[in-house]
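Participant: I have a structure here, written as structure tokens, and I will follow up with some questions on it.
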Amino acid sequence: MRGLVVLIFVLITGTFLVVFAKMDNVNIGAIMTVKTINGKVSSIAMKAAVDDINSDPNILPGKKLSLSIHDANFSGFLSIVGALKYMETDVVAVIGPHSSVMAHVLSNLANELHVPFLSFTALDPSLSPLQYPYFIQTAPNDLYLMTAIAEMISYFGYREVTAIYTDDDQFRNSIYTLGDELAEKRCKLSYKAPLPPDSSLSPQDIRNVLVNVRSMESRVVVVHTYQQTGLSVFETAKRLGMMRKGYIWIATPWLSTVLDSIGISSKNASVLQGLLTLRPHTPDSVKKQDFERRWKNLSSGSIGLNPYGLYAYDTVWMVARALDKFFNEGGKISFSNDSRLTGLKGTKGLNLGALSIFDGGKQLRTNLLQTNMSGLTGPVGFNPDQSVIHPSFDIINMVGNQGRVLGYWSNHSGLSVQSPETLYAKPSNRSFSSQHLRSVVWPGNTKEKPRGWEFSNNGRPLRIGVPLRASFKEIVTQVNGSHEIHGFSIDVFLAAIKLIPYPVPYEFVLFGDGHKNPSYTEFVNKVAYNVFDAAVGDIAIITNRTKVVDFTQPYIESGLVVVVPIKKLDSSAWAFFRPFTPLMWVVTFLFFIIIGVVVWILEHRLNDEFRGPPKQQFVTILWFTLSTMFFSHRENTVSTLGRLVLFIWLFVVLIITSSYTASLTSILTVQQLSSPIRGIDSLISTNARIGFQVGSFAENYMIEELNIPKSRLLALGSPEEYAEKLGAGVVAAIVDERPYIDLFLSNNCRFQVVGQEFTKSGWGFAFPRDSPLAIDMSTAILTLSENGELQKIHDYWLKRKTCTPQNSDSDQLQLESFWGLFLIFGVACALAILTYFCMMLREFGKHHSELEDPSPKSGSHSVRRFLTFADEKEEVSKDKLKRKREMSISHANGREVDSRNRSNRIQAEFDED
């Protein structure tokens, strides 16, 4: 019995071996450094994938997938050797290489021999599919990683970033991409700190780089390097005091790989406290959970699973499904010799002439890019640009020796506390209000968000430039005996700096010789060239200056104005004519005549006071007209229309007389001033010389913007020189900023501002471009404005006595000021006259239809009759009409008696007959 069992076992085993021997092998290769964390995890995962594929009868039936792993052992040369060996055999796809350094080299080999290379760790975004179509990245490349980091930095409100990275293709190109992504977020990669490649890196190199980083203002640091190098960077940073409160450290996924696969030791936990890192996001699924349960047996507990192990597993399955489709479509594995390589021979087993082109490589590549499956990493597929679908990352905060997930980033919806797979079904929403992360524990074990920058640790305070003015010293520089600097601008700066929530060491440095005002353009350029760390003073914020420096919020409004000398007008016996312009006088007189005529017309038939001989009526009209000016008219108005018109006219007279009285009072009590220049337009149209303040931007503005010849401009250095040159007529006008002119006019009442400000600007403090201190100072200035402190400083330095307001002939009352009143009155008069004449025509028709026979009359006769009717007093017309009616009735009665008598006589004669 025992022998029979043995015989059966031998037969079965033999049969299996025969069948298995007849199965076709499909060879794929892998190139990686096995000793790295990702190398160890990936090797185990790929072998597990091959076993699962070979045991699945539904995939590659009748064929056996064979995987060969070549250990590059941290060497680019060995990576090339391994790739060439694979190309000598019938390998149809290669998984790898491990790093982007070799990917750039081996992608050319893949292009030439049509063998697809697939990598989930060589994620350099510059590996373009247009240049390297046979190189396929099966994990989200670093373009998405750097986009996620840039959006995190923007979310936390930081503007400057420092990057520490290994200076090779694996990391350098990704850092350049980070700079581009930050720029799109209005942030800046302010300093790049490259580390030598690992083969030549020393602890001193790391220390030197970190010392330079520490001297920078930015405290937001991104570390993009290999695992071992990254841990060394943080250990050195800890010794240099750079892991304390105030720093923000962001590590790329190398740190999450360490956390997942080997864990964080208690020693490293204190070093890494508060760091942020990212991990490729892989959604939970039944497949993933089953594989995680298998992992302990697969790895024998030697290493933990990380996302790159999942990508390795899915990459093998991706190749297997593409091959399965290839065979199902009738594809066969065959290779063709490359004529350019014929005759080339290597040494010691490396035969370059044996390199051959995979005939089915193009179809296999197409099948790979058409992958549509569900793997351990979730849905697996590619976009048209050959990037993987649904790139996303977990954002992790290192707390103790654990990683706490703060949220997620996805290319679909940005930052969110919801997992990406729950958002894919919703419309993409990248608005700022929709971006959310959980609270962070920062370095120093604090939840208070760091400021993100500090003053550079170079041992010197900020050099604050201050203009040493020769004039208008109330504005900025009054130096007392102890060499302390005072002035309006300085006091605003000192008040604002006290509101900054951190210490700002600084020292004032005077700019200028004190004999003349310095050039403010040169002053601002000193900030741009880092001679000064900031400039404080009366610096106008203009376009050319904003191109080289950043300004704070303006702390005072300003603008260019024109100042002219004013000549006093001599007193005149006819000064009472000045309140109105000649046109105003003429129109007013005409309307006084009109009111007299209109009221006479409306009152003539009703009011005995407007009747009489023509001479008497003329005198009445004239007297009534003039007396309404003083509201002393004695004639009563009895008609409704007359009263209405008179009411409107008296309102017009009230306005006119009140305005006249006020203007005449001003004329007789305030000196009258006159100047031919009324503003900048009239100044430009003349050929007169124009003065400006030394160092002011007004010179360039008038030359470049107003096209005033430079020969017309004269530089003046002090208020005294202003007064001297204006008074002597050397210059016809001064063009300067409003605050200076206000100070000048407070002691010089012989001059006046004419026209309006023709520029609008303000004064601010200048800082280097992208200086975070400029933002904080702007906030402080706004606070000073809101709490009233800024106004108090202004009143203390700049509020001075002012001259009495100056009037000139241009202040005469114009017709334009009253045309509305005259229009209303004119319309009222026209409507009243029109209504009156309509009523008169109706009465005239009614009157004469009864008084006259219906015989035809000439037109002139009718007009004369109408004028006679209009001139008659209304009572007379009514009496005539009444008598005519009575006569008509008596005549009618007489005719009726005669007719009756005649009828009686006829009847009597008839009876007699």
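A note on labels: chains of the structure tokens are A, B, ... as shown, every chain counts residues from 1, and ligands are counted from 1 in their shown order.
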Applying 9 Å and only C-alpha atoms, which residues near Thr147 of chain A remain after dropping the ones on its own chain fewer than 2 positions away? List them as a list of chain:residue names.
Facilitator: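 Residues near the query, excluding close chain neighbours: A:Asp142, A:Leu143, A:Tyr144, A:Leu145, A:Ile149, A:Ala150, A:Glu151, A:Met152, A:Thr177, A:Leu178, A:Glu181, A:Leu182, A:Asn411.
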Participant: Write the residues of the selection above to a file with N, CA and C atoms, as a tab-separated table (two decimals), in the first residue's frame.
Facilitator:
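Contents of the output file part03.tsv:
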chain	number	residue	atom	x	y	z
A	142	ASP	N	6.99	64.06	-8.69
A	142	ASP	CA	7.26	65.14	-7.74
A	142	ASP	C	6.62	66.47	-8.12
A	143	LEU	N	6.07	66.58	-9.31
A	143	LEU	CA	5.30	67.79	-9.62
A	143	LEU	C	4.13	67.92	-8.66
A	144	TYR	N	3.43	66.82	-8.41
A	144	TYR	CA	2.29	66.85	-7.51
A	144	TYR	C	2.75	67.00	-6.06
A	145	LEU	N	3.88	66.37	-5.74
A	145	LEU	CA	4.42	66.51	-4.39
A	145	LEU	C	4.75	67.96	-4.08
A	149	ILE	N	3.18	70.71	-1.36
A	149	ILE	CA	3.98	71.47	-0.38
A	149	ILE	C	3.72	72.97	-0.55
A	150	ALA	N	3.68	73.45	-1.79
A	150	ALA	CA	3.44	74.87	-2.03
A	150	ALA	C	2.07	75.30	-1.50
A	151	GLU	N	1.06	74.44	-1.68
A	151	GLU	CA	-0.27	74.79	-1.17
A	151	GLU	C	-0.31	74.74	0.35
A	152	MET	N	0.45	73.85	0.97
A	152	MET	CA	0.54	73.84	2.43
A	152	MET	C	1.16	75.14	2.94
A	177	THR	N	11.04	72.80	-9.47
A	177	THR	CA	9.57	72.76	-9.61
A	177	THR	C	8.89	73.40	-8.41
A	178	LEU	N	9.43	73.17	-7.22
A	178	LEU	CA	8.88	73.80	-6.02
A	178	LEU	C	8.93	75.32	-6.12
A	181	GLU	N	6.10	76.44	-8.36
A	181	GLU	CA	4.78	76.31	-7.71
A	181	GLU	C	4.60	77.37	-6.63
A	182	LEU	N	5.66	77.69	-5.90
A	182	LEU	CA	5.56	78.73	-4.87
A	182	LEU	C	5.28	80.09	-5.51
A	411	ASN	N	-5.00	66.43	-6.13
A	411	ASN	CA	-5.01	67.33	-7.28
A	411	ASN	C	-6.43	67.74	-7.65
Participant: So which residues touch segment 98-109 of chain A within 6 Å, counting only C-alpha atoms, skipping near sequence neighbours fewer than 5 positions away, as a VMD selection string?
Facilitator: chain A and resid 32 121 to 122 124 132 135 169 to 170
Participant: Could you take the residues named above and write them with N, CA and C atoms, as a PDB file, in the first residue's frame?
Facilitator:
ATOM      1  N   MET A  32      17.260  48.010  -8.804  1.00  0.00           N
ATOM      2  CA  MET A  32      17.101  48.832  -7.607  1.00  0.00           C
ATOM      3  C   MET A  32      18.232  48.557  -6.642  1.00  0.00           C
ATOM      4  N   THR A 121       9.697  55.080  -7.964  1.00  0.00           N
ATOM      5  CA  THR A 121      10.545  55.882  -7.067  1.00  0.00           C
ATOM      6  C   THR A 121      11.357  56.943  -7.810  1.00  0.00           C
ATOM      7  N   ALA A 122      11.626  56.773  -9.095  1.00  0.00           N
ATOM      8  CA  ALA A 122      12.315  57.796  -9.889  1.00  0.00           C
ATOM      9  C   ALA A 122      11.254  58.776 -10.389  1.00  0.00           C
ATOM     10  N   ASP A 124      11.282  62.259 -10.791  1.00  0.00           N
ATOM     11  CA  ASP A 124      11.704  63.567 -11.271  1.00  0.00           C
ATOM     12  C   ASP A 124      10.677  64.104 -12.275  1.00  0.00           C
ATOM     13  N   TYR A 132      10.864  60.951 -23.237  1.00  0.00           N
ATOM     14  CA  TYR A 132      11.128  59.556 -22.868  1.00  0.00           C
ATOM     15  C   TYR A 132       9.800  58.779 -22.862  1.00  0.00           C
ATOM     16  N   PHE A 135       9.548  55.514 -20.756  1.00  0.00           N
ATOM     17  CA  PHE A 135       9.742  55.555 -19.307  1.00  0.00           C
ATOM     18  C   PHE A 135       8.421  55.964 -18.672  1.00  0.00           C
ATOM     19  N   ASP A 169      20.018  64.705  -9.862  1.00  0.00           N
ATOM     20  CA  ASP A 169      18.767  64.758 -10.632  1.00  0.00           C
ATOM     21  C   ASP A 169      17.571  64.227  -9.858  1.00  0.00           C
ATOM     22  N   GLN A 170      17.828  63.419  -8.853  1.00  0.00           N
ATOM     23  CA  GLN A 170      16.734  62.867  -8.075  1.00  0.00           C
ATOM     24  C   GLN A 170      15.974  63.964  -7.328  1.00  0.00           C
TER      25      GLN A 170
END
Participant: Among segment 691-843 of chain A, which residues carry a DSSP assignment of strand (DSSP E or B), reported as JSON, numbers by chain?
Facilitator: {"A": [691, 692, 693, 713, 714, 715, 716, 733, 734, 735, 736, 737, 751, 752, 753, 754, 761, 762, 763, 764, 765, 766, 767, 807, 808, 813]}
Participant: Write out the residues from the selection above, keeping N, CA, C and O atoms, as a CSV table (one decimal), in the first residue's frame.
Facilitator:
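Below is the file that was written, out-v8.csv:
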chain,number,residue,atom,x,y,z
A,691,GLY,N,9.3,126.4,-9.8
A,691,GLY,CA,10.2,125.9,-8.7
A,691,GLY,C,9.8,124.6,-8.2
A,691,GLY,O,8.6,124.3,-8.2
A,692,PHE,N,10.7,123.8,-7.7
A,692,PHE,CA,10.4,122.5,-7.0
A,692,PHE,C,11.5,122.3,-6.0
A,692,PHE,O,12.5,122.9,-5.9
A,693,GLN,N,11.1,121.4,-5.1
A,693,GLN,CA,12.0,121.1,-3.9
A,693,GLN,C,13.1,120.2,-4.3
A,693,GLN,O,12.9,119.2,-5.0
A,713,LEU,N,12.5,124.6,-15.2
A,713,LEU,CA,12.4,124.2,-13.8
A,713,LEU,C,13.6,124.7,-13.0
A,713,LEU,O,14.7,124.8,-13.5
A,714,LEU,N,13.4,125.1,-11.8
A,714,LEU,CA,14.4,125.6,-10.9
A,714,LEU,C,14.3,124.9,-9.5
A,714,LEU,O,13.3,124.9,-8.9
A,715,ALA,N,15.4,124.3,-9.1
A,715,ALA,CA,15.5,123.6,-7.8
A,715,ALA,C,15.6,124.6,-6.7
A,715,ALA,O,16.5,125.5,-6.7
A,716,LEU,N,14.8,124.5,-5.7
A,716,LEU,CA,14.8,125.3,-4.5
A,716,LEU,C,15.0,124.5,-3.3
A,716,LEU,O,14.5,123.3,-3.2
A,733,ALA,N,5.5,129.9,-10.0
A,733,ALA,CA,4.8,129.0,-9.2
A,733,ALA,C,5.8,128.0,-8.6
A,733,ALA,O,6.9,127.8,-9.1
A,734,ILE,N,5.3,127.4,-7.5
A,734,ILE,CA,6.1,126.3,-6.9
A,734,ILE,C,5.2,125.0,-7.0
A,734,ILE,O,4.0,125.1,-6.7
A,735,VAL,N,5.8,123.9,-7.4
A,735,VAL,CA,5.1,122.6,-7.4
A,735,VAL,C,5.7,121.7,-6.4
A,735,VAL,O,6.9,121.4,-6.5
A,736,ASP,N,5.0,121.3,-5.4
A,736,ASP,CA,5.5,120.5,-4.3
A,736,ASP,C,4.4,119.7,-3.7
A,736,ASP,O,3.2,119.9,-4.0
A,737,GLU,N,4.8,118.8,-2.8
A,737,GLU,CA,3.8,117.9,-2.2
A,737,GLU,C,3.0,118.7,-1.1
A,737,GLU,O,3.5,119.6,-0.4
A,751,PHE,N,1.0,133.9,-0.3
A,751,PHE,CA,1.0,132.9,-1.4
A,751,PHE,C,-0.3,132.0,-1.1
A,751,PHE,O,-0.8,131.9,-0.1
A,752,GLN,N,-0.6,131.3,-2.2
A,752,GLN,CA,-1.8,130.5,-2.1
A,752,GLN,C,-1.8,129.3,-3.1
A,752,GLN,O,-1.1,129.3,-4.1
A,753,VAL,N,-2.4,128.2,-2.6
A,753,VAL,CA,-2.6,127.0,-3.5
A,753,VAL,C,-3.7,127.3,-4.5
A,753,VAL,O,-4.8,127.8,-4.1
A,754,VAL,N,-3.5,127.1,-5.8
A,754,VAL,CA,-4.5,127.3,-6.8
A,754,VAL,C,-4.8,125.9,-7.4
A,754,VAL,O,-3.9,125.1,-7.6
A,761,SER,N,-1.1,110.3,-4.0
A,761,SER,CA,-0.1,109.3,-3.5
A,761,SER,C,-0.1,109.4,-2.0
A,761,SER,O,-1.0,109.9,-1.3
A,762,GLY,N,0.9,108.9,-1.4
A,762,GLY,CA,1.1,108.9,0.0
A,762,GLY,C,2.6,108.7,0.4
A,762,GLY,O,3.4,108.4,-0.5
A,763,TRP,N,2.9,108.8,1.7
A,763,TRP,CA,4.2,108.6,2.2
A,763,TRP,C,4.2,107.2,2.9
A,763,TRP,O,3.3,106.9,3.6
A,764,GLY,N,5.3,106.4,2.6
A,764,GLY,CA,5.4,105.2,3.3
A,764,GLY,C,6.8,104.9,3.6
A,764,GLY,O,7.8,105.6,3.2
A,765,PHE,N,7.1,103.8,4.3
A,765,PHE,CA,8.4,103.3,4.6
A,765,PHE,C,8.8,102.2,3.6
A,765,PHE,O,8.0,101.4,3.3
A,766,ALA,N,10.1,102.3,3.2
A,766,ALA,CA,10.5,101.3,2.1
A,766,ALA,C,11.3,100.2,2.7
A,766,ALA,O,12.1,100.4,3.6
A,767,PHE,N,11.0,99.0,2.2
A,767,PHE,CA,11.7,97.8,2.7
A,767,PHE,C,12.2,97.0,1.4
A,767,PHE,O,11.6,97.2,0.3
A,807,ASN,N,-9.4,135.1,-1.0
A,807,ASN,CA,-10.5,135.2,-2.0
A,807,ASN,C,-9.9,135.9,-3.2
A,807,ASN,O,-9.0,136.7,-3.1
A,808,SER,N,-10.4,135.6,-4.3
A,808,SER,CA,-10.0,136.3,-5.6
A,808,SER,C,-11.3,136.5,-6.4
A,808,SER,O,-12.4,136.1,-6.1
A,813,LEU,N,-19.9,135.6,-7.7
A,813,LEU,CA,-21.1,134.8,-8.0
A,813,LEU,C,-21.4,134.8,-9.5
A,813,LEU,O,-21.6,135.8,-10.1
Participant: Find, counting only C-alpha atoms, the residue in A:Phe592, A:Phe825, A:Tyr134, A:Trp797 that gets nearest to His486 of chain A.
Facilitator: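 Result for the nearest residue to His486 of chain A: A:Trp797.
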Participant: Using only C-alpha atoms, determine which residues lie at most 9 Å from Ala163 of chain A, disregarding the query and same-chain residues fewer than 3 positions distant; provide the list as a list in words.
Facilitator: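 Here the answer would be Ile175, Leu189, Ser190, Tyr191, Lys192, Ala193, Pro194, Val213, Val220, Val221, Val222, Val223 and His224 of chain A.
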Participant: Env of Phe335 of chain A: 9 Å cut, atoms = only C-alpha atoms, seq-sep filter 5 positions within chain, self excluded. Answer as a list in words.
Facilitator: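 So, after excluding close chain neighbours, the residues are Asp90, Ser356, Ile357, Phe358, Asp359 and Gly360 of chain A.
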Participant: Tell me, as an MDAnalysis selection string, which residues lie within 12 Å of Phe818 of chain A, counting only C-alpha atoms; anything in the same chain fewer than 4 positions away does not count.
Facilitator: chainID A and resid 580:581 583:585 587:588 652:653 655:657 659:660 813:814 822:825
Participant: Can you measure atom CA of Ser419 of chain A to atom CA of Gly378 of chain A for me? One decimal in Å is fine.
Facilitator: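 Answer for the atom CA of Ser419 of chain A to atom CA of Gly378 of chain A separation: 12.7 Å.
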Participant: Just how far from atom CA of Gly381 of chain A is atom CA of Leu437 of chain A, in Å to one decimal?
Facilitator: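 Straight-line distance from atom CA of Leu437 of chain A to atom CA of Gly381 of chain A works out to 28.1 Å.
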Participant: Atom CA of Ala688 of chain A and atom CA of His515 of chain A are how many Å apart?
Facilitator: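 Pair atom CA of Ala688 of chain A / atom CA of His515 of chain A returns 27.7 Å.
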Participant: Could you check the closest approach to Trp453 of chain A for each of A:Val536, A:Ile475, A:Leu201, A:Leu773 and tell me which residue wins, using only C-alpha atoms?
Facilitator: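 Counting only C-alpha atoms, the residue closest to Trp453 of chain A is A:Leu773.
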Participant: So which residues touch Trp295 of chain A within 9 Å, counting only C-alpha atoms, skipping near sequence neighbours fewer than 4 positions away, as a ChimeraX atom specification?
Facilitator: /A:44-45,290-291,299-301,304-305
Participant: What lies within 12 Å of Gly403 of chain A using only C-alpha atoms, ignoring chain neighbours under 3 positions off, as a ChimeraX atom specification?
Facilitator: /A:255-260,263-264,269,272-279,394-400,406-407,440-441
Participant: Deliver the residues from the most recent selection as a file, using N, CA, C and O atoms, as a short mmCIF file (atom, residue, chain, number, x, y, z; two decimals), in the first residue's frame.
Facilitator:
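Result file again-v3.cif:
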data_model
loop_
_atom_site.label_atom_id
_atom_site.label_comp_id
_atom_site.auth_asym_id
_atom_site.auth_seq_id
_atom_site.Cartn_x
_atom_site.Cartn_y
_atom_site.Cartn_z
N LEU A 255 10.68 60.77 4.95
CA LEU A 255 10.49 60.63 6.39
C LEU A 255 9.31 59.71 6.70
O LEU A 255 9.39 58.87 7.61
N SER A 256 8.22 59.84 5.95
CA SER A 256 7.08 58.94 6.19
C SER A 256 7.45 57.50 5.84
O SER A 256 6.94 56.55 6.46
N THR A 257 8.37 57.32 4.89
CA THR A 257 8.85 55.98 4.57
C THR A 257 9.59 55.37 5.76
O THR A 257 9.40 54.20 6.10
N VAL A 258 10.44 56.17 6.38
CA VAL A 258 11.15 55.71 7.59
C VAL A 258 10.14 55.39 8.69
O VAL A 258 10.24 54.35 9.37
N LEU A 259 9.14 56.27 8.88
CA LEU A 259 8.14 56.06 9.92
C LEU A 259 7.38 54.76 9.70
O LEU A 259 7.16 53.99 10.65
N ASP A 260 7.00 54.48 8.47
CA ASP A 260 6.18 53.31 8.19
C ASP A 260 6.99 52.00 8.22
O ASP A 260 6.47 50.96 8.65
N GLY A 263 10.15 52.64 11.70
CA GLY A 263 9.73 53.34 12.90
C GLY A 263 10.72 54.40 13.33
O GLY A 263 11.85 54.48 12.83
N ILE A 264 10.30 55.22 14.27
CA ILE A 264 11.13 56.31 14.79
C ILE A 264 11.61 55.94 16.18
O ILE A 264 10.80 55.64 17.07
N ALA A 269 12.80 60.67 17.94
CA ALA A 269 11.48 61.25 18.19
C ALA A 269 11.59 62.67 18.73
O ALA A 269 10.84 63.56 18.32
N LEU A 272 12.64 64.96 15.82
CA LEU A 272 11.65 65.18 14.76
C LEU A 272 10.34 65.77 15.26
O LEU A 272 9.40 65.92 14.48
N GLN A 273 10.26 66.12 16.53
CA GLN A 273 9.02 66.63 17.11
C GLN A 273 8.52 67.87 16.37
O GLN A 273 9.23 68.85 16.19
N GLY A 274 7.24 67.81 15.92
CA GLY A 274 6.62 68.97 15.28
C GLY A 274 6.84 69.08 13.79
O GLY A 274 6.32 70.02 13.16
N LEU A 275 7.60 68.16 13.19
CA LEU A 275 7.83 68.23 11.75
C LEU A 275 6.57 67.87 10.97
O LEU A 275 5.70 67.16 11.46
N LEU A 276 6.53 68.35 9.74
CA LEU A 276 5.47 67.95 8.81
C LEU A 276 6.10 67.11 7.71
O LEU A 276 7.21 67.38 7.26
N THR A 277 5.41 66.08 7.31
CA THR A 277 5.88 65.26 6.20
C THR A 277 4.68 64.81 5.39
O THR A 277 3.52 65.03 5.78
N LEU A 278 4.95 64.21 4.24
CA LEU A 278 3.88 63.76 3.35
C LEU A 278 4.07 62.28 3.04
O LEU A 278 5.19 61.77 3.07
N ARG A 279 2.98 61.64 2.72
CA ARG A 279 3.00 60.23 2.36
C ARG A 279 2.04 60.04 1.18
O ARG A 279 0.92 60.56 1.21
N ASP A 394 -1.09 62.05 1.98
CA ASP A 394 -1.44 62.29 3.38
C ASP A 394 -0.49 63.35 3.92
O ASP A 394 0.71 63.34 3.59
N ILE A 395 -0.99 64.25 4.75
CA ILE A 395 -0.15 65.26 5.41
C ILE A 395 -0.04 64.87 6.88
O ILE A 395 -1.06 64.75 7.58
N ILE A 396 1.19 64.65 7.33
CA ILE A 396 1.44 64.03 8.63
C ILE A 396 2.22 64.98 9.51
O ILE A 396 3.14 65.66 9.06
N ASN A 397 1.84 65.03 10.77
CA ASN A 397 2.51 65.82 11.79
C ASN A 397 3.19 64.86 12.77
O ASN A 397 2.54 63.98 13.34
N MET A 398 4.52 65.00 12.93
CA MET A 398 5.26 64.12 13.83
C MET A 398 5.04 64.57 15.27
O MET A 398 5.44 65.67 15.67
N VAL A 399 4.39 63.72 16.04
CA VAL A 399 4.13 63.98 17.45
C VAL A 399 4.63 62.77 18.22
O VAL A 399 4.10 61.67 18.08
N GLY A 400 5.67 62.97 19.04
CA GLY A 400 6.31 61.83 19.68
C GLY A 400 6.98 60.98 18.62
O GLY A 400 7.66 61.49 17.73
N LEU A 406 -2.96 65.11 9.53
CA LEU A 406 -3.64 66.42 9.64
C LEU A 406 -4.72 66.58 8.58
O LEU A 406 -5.64 67.37 8.75
N GLY A 407 -4.57 65.86 7.49
CA GLY A 407 -5.50 65.99 6.39
C GLY A 407 -4.89 65.39 5.14
O GLY A 407 -3.93 64.59 5.21
N VAL A 440 -1.93 71.91 14.13
CA VAL A 440 -0.57 71.38 14.07
C VAL A 440 0.12 71.57 15.41
O VAL A 440 -0.04 72.60 16.07
N VAL A 441 0.92 70.57 15.81
CA VAL A 441 1.86 70.73 16.91
C VAL A 441 3.21 71.06 16.27
O VAL A 441 3.80 70.23 15.57
#
Participant: Quick check for you: according to DSSP on this backbone, which residues of segment 168-376 of chain A are classed as helix (DSSP H, G or I)? Reply as a ChimeraX atom specification.
Facilitator: /A:172-184,198-200,203-214,227-239,254-261,266-271,286-299,307-328,339-341,352-354,361-369
